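Accompanying notes for the structure given below.
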Amino acid sequence: MENINKVEKKWQDYWDEHQTFQCGKEKGKQPYYILVEFPYPSGSGLHVGHVRSYTAQDAIARMMRLQGYDVLYPMGWDAFGAPAEQYAIKNHIHPKEAVKENIQTFKGQMKSLGFSFDWSREFSTTDPEYYKWTQWQFLQFYKHGMAYKDKIPVNWCPTCKSVLSNEDAAGGVCERCGSVVEQREKSQWMLRMSDYAEDLLTGLSDTNFADRVKLGQINWIGKSVGAHVTFQIDGHDKNFTVFTTRCDTLFGATYCVLAPEHQYVLEITTPEHMDEVKAYIQECAKKNEMERTELNKDKTGVFTGAYAINPVNGDKIPIYISDYVLASYGTGAIMAVPAHDDRDYEFAKKFHIPIIQVLEEETGTPHENEKEKQSIVAVVHDPKKDQYLTINWKDKGGRLFVGGTRKNQEDAVACAKREIQEETGYTDIELVCEDFTIRHHYYAYNKDQYFAIEATPLLFELKSDKKVSQKLDPDEDFEVEWVDRSTIEKEVKDELHKKSFEYVLNPGAMTGDGTHVNSEFLNGLHKEDAINTMIGWLEDHECGKQQVNYKMRDWIFSRQRFWGEPIPMIHCPKCGWVPMKEEDLPLLLPDVAEYEPTEDGESPLANIEDWVNCKCPKCGGDAKRETDTMPNWAGSSWYFLRFMDPHNTKEFASMDAMKYWNRVDWYNGGMEHTARHLLYARFWVQFLYNIGLVPHKEMIWTRVSHGMVLGSDNQKMSKSKGNVINPDDIVKEYGADTLRTYEMFMGDYQMDAPWSTDSLRGCKRFLDKVERLKDKINDQEGYSEKLEPIQNKTIKKIEYDMMHMGYNTVISSLMILANAYDDMESITKEDYHLFLTLLNPIAPHITEELNEQIGYSPICEGEWPIYDEEKTVENTKEIAVQVNGKVRATIEISIDDDEDMIREKALSCLNVMKHIEGHEVVKVIVIKGKIVNIVIR
RNA sequence: GCGGGUAUGGCGGAAUUGGCAGACGCGCUAGACUUAGGAUCUAGUGUCCCAGACGUGCAGGUUCAACUCCUGUUACCCGCACCA
């Protein structure tokens with residue numbers, strides 16, 4: 001098409017002039033709300049990644065409008081935030097100006113791509129008319145006791161001079177600038193999001209989020225059910241509480257650990273340990289989170305000199321402090337059970353703390369009337385040959401290690417040494433490790449007896465080949481063989497011996513399920529029952545109770561920045577914190593030229609005296625404003641509600657408008673926002689619901705996430721890699737429709753896909769071909785009969801695929817349809833118009849233009865075609881005939897052929913006959929309309 | 001370590017319920033039309049020892065039939081990461 005950009009502009013202007021995409025105007029249509037994450041208007045302009053998701057949602061919006069829905073597809077700007085502030089500081093302009101410029105760029109780009117947004121609903125989170133309501137909602141949080149100020153250790157970015165949320169400081173580095181985050185104490189506004197942990201979890205069942213999105217939410221909330229257990233401190237009139245998910249292992253607790261920041265540490269530390277403890281605490285304070293959570297870090301810690309009393313057995317167990325216990329999770333204190341927790345195991349090994357096994361893994365099947373025995377499984381390793389000593393019982397038991405029963409008073413090691421000597425003759429061996437016992441059930445045929453044995457796995461190292469003669473019973477008929485590891489993995493079949501080998505080769509805590517031992521009233525119980533029994537015991541003895549814990553904490557809601565919504569709170573020396581009067585909102589940001597953060601980390605607003613000084617709304621006395629602003633996540637937590645009623649000056653959105661649109665039917669965004677933004681937004685909405693301001697507890701029904709557009713080198717696009725594609729360049733050279741078509745065609749929408757300019761050209765060729773098809777138009781009326789099946793099938797497929805995000809197959813089926821048109825001598829005008837309508841949601845400009853050229857009224861004002869199910873079925877079909885699962889022929893079947901007929905046809909194929917000749921036909925499977933399989937012998 | 005995802009030609013990727021693997025596009029090869037081709041058209045294009053056999057990361061299993069279901073395993077990607 002000549003001058004593609006001019007044609008595109010023509011139709012963009014047409015849509016603007018006719019307000020084609022304004023919604024909510026007509027009564028009686030079914031509303032449908034399609035949402036894409038509104039962008040942060042950065043200085044670098046629209047990314048091809050934006051184009052991908054906006055086009056996808058645009059295609060659905062355009063199709064559904066033609067189908068008669070009242071489609072809300074809005075766009076706005078999430079424009080508060082650090083980059084705009086930084087940019088403004090650098091260029092000595094107000095961030096407002098920078099944002100205005102960027103919005104203009106973004107909007108221009110979006111228009112040039114023909115997205116069918118309802119621009120009449122546009123707003124920016126930085127508009128006072130919008131952030132007035134963000135502030136108003138903050139006041140509601142405050143008034144309902146959901147916002148509070150608290151002095152807490154916070155993540156401090158020394159470069160941005162700002163406090164960061166845990167989320168923004170993920171991994172111990174500032175998300176914005178990458179600096180290493182420090183810990184500081186600061187008074188911060190907080191929202192009680194943790195109160196909503198359970199509701200946020202259960203609310204997921206009222207949504208249709210993709211599974212991976214739901215999982216992201218669940219993991220972030222991090223629920224764990226466990227117990228609180230209270231430990232008395234020996235010699236003190238004090239106790240402390242630990243959180244544990246495994247209170248069933250309490251009999252195995254051999255020490256406790258407090259976080260270095262725990263309030264009791266200095267009080268309980270004995271004088272002789274004080275110096276060491278203080279030094280350790282200091283060391284930890286210096287370390288930032290990054291260092292503390294460093295990979296594979298060795299456990300560190302010190303003994304306080306104090307002891308705790310284990311409530312179940314009265315044992316005195318040492319109290320340590322260590323930074324592997326986090327002050328911020330649970331109670332900041334743990335009971336340590338080294339036998340059954342990996343971290344405790346590691347710590348206990350390092351500090352030589354006793355390890356008590358209280359849980360035995362079980363193998364085999366339990367049976368009545370079992371005889372109890374204690375036994376060993378001894379693995380002997382020869383380091384010189386890297387082989388293991390086995391006993392090959394051949395068909396009388398296969399390959400095993402040395403095993404045997406413990407005699408009276410004999411310990412496991414002695415027993416193992418004796419058995420090794422008796423069965424193999426080796427004597428010069430050294431114990432490497434003795435692992436946790438395993439409970440094994442088996443049946444001994446020779447004794448006609450069921451046994452339950454407690455077996456100790458042991459590992460020895462062979463020092464030399466020194467041997468004495470074996471001492472065998474007459475019935476002991478086996479070969480002693482040294483074999484390597486792979487042979488053992490293949491040939492040792494016995495469950496107990498297999499497990500034992502695994503145990504001794506990878507010694508560590510036993511964290512799985514099993515049977516309790518050494519645990520008095522829990523003995524014999526499995527994990528689940530034991531936990532319940534123990535909780536009952538703890539509650540009866542008033543030293544513990546069931547407790548649920550969440551990883552998710554309260555939301556730190558303060559930022560020491562200029563470019564955010566001011567928090568509408570006033571501090572009065574007499575009245576304390578006082579909320580602003582609602583009628584005084586919005587609290588505007590001042591128009592000043594300087595807003596660098598202060599050195600001590602106060603918000604830039606603190607420097608602006610005119611602004612800070614005010615009167616107390618309660619007593620009228622001199623007071624000061626809060627100078628912190630809200631985090632970036634605030635404005636984006638409710639913007640989708642505002643789109644339903646964007647010009648309302650009395651409410652953030654009217655209940656009527658929200659009831660009309662009902663909720664966001666389909667929300668698309670990046671995977672990177674599916675955890676945090678979505679959680680904040682849901683929390684915000686649930687709160688509004690609880691105070692009666694929105695119609696549903698969950699206002700977002702479906703949430704999907706798109707894959708990234710990668711550079712042609714398969715790497716994330718970035719300026720430094722030089723692989724960035726600017727959508728403007730593509731639009732200019734190939735046109736918006738080509739870019740849109742390509743981005744929909746490039747691959748599975750939910751997965752990352754690399755950019756390919758070659759493939760883009762292919763899409764251009766496709767659109768050119770569509771244009772050329774116009775030359776085939778004849779002067780006949782209606783649809784070409786020959787094309788009707790494929791036309792109807794294509795309509796059906798496109799509808800299905802669109803709603804299932806199969807955009808790439810939407811286009812491939814359109815390509816197939818185009819090829820079918822191309823194979824025709826000629827096509828009718830109606831055929832052509834149909835094709836243009838189907839392609840229109842993806843490529844709206846060129847289809848409108850061609851449609852106009854053949855004399856039709858605009859597609860955007862027309863209707864989506866309705867397919868005829870009957871016509872999607874073709875009269876004849878070719879199906880495959882298999883012989884023993886291999887395709888040997890194809891046959892043509894007619895729609896009314898019955899099974900016998902099809903069987904007949906299949907069996908009479910020449911090639912099929914050749915393959916069944918001389919064989920017996922066992923059966924013939926006929927799957928109607930699909931396949932015939934002839935099974936022969 | 002935990003959680004999730006992915007693996008199919010030279011490339012991007014199809015295969016809705018187990019039913020002809022490789023749709024569609026790119027790239028490539030040959031030819032046609034052309035002064036020309038980054039235009040268009042025609043034919044071809046998984047591999048091989050090519051009447052056939054083998055092929056969806058690898059090893060098994062279920063089935064008349066497996067990319068699809070089950071068991072085990074490897075690699076890569078993403079998220080979380082001492083969460084008791």
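For the structure tokens, the naming scheme is as follows: chains receive sequential letters (A, B, ...) according to their order of presentation, residues are indexed from 1 within each chain, and ligands are indexed from 1 in presentation order.
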Where does DSSP see strand (DSSP E or B) in segment 134-365 of chain A, if you list the residues as a ChimeraX atom specification? /A:147-157,162-164,173,180,182-191,223-233,239-244,255-258,302-309,316-321,333-336,359-363
Quick check: residues of chain B within 6 Å of chain A, only C-alpha atoms (C1' of nucleotides), returned as a ChimeraX atom specification. /B:13,19-20,24,26,65,82,84
Using only C-alpha atoms (C1' of nucleotides), pick whichever of B:A21, B:C58, B:A66, B:C83 has the shortest atom-to-atom distance to A7 of chain B. B:C58
I'd like to know which residues of segment 314-408 of chain A are helix (DSSP H, G or I) (by DSSP, run on the backbone); could you write them as an MDAnalysis selection string? chainID A and resid 338:340 342:351 394:396
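You will find atom CA of Glu26 of chain A at 19.8 Å from atom CA of Arg642 of chain A.
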Which residues are close to U71 of chain B, i.e. within 12 Å by only C-alpha atoms (C1' of nucleotides), leaving aside same-chain residues fewer than 6 positions away? Reply as a ChimeraX atom specification. /B:59-62
Judged by only C-alpha atoms (C1' of nucleotides), the minimum distance to G25 of chain B among B:G37, B:C11, B:A51, B:C80 is found for B:C11
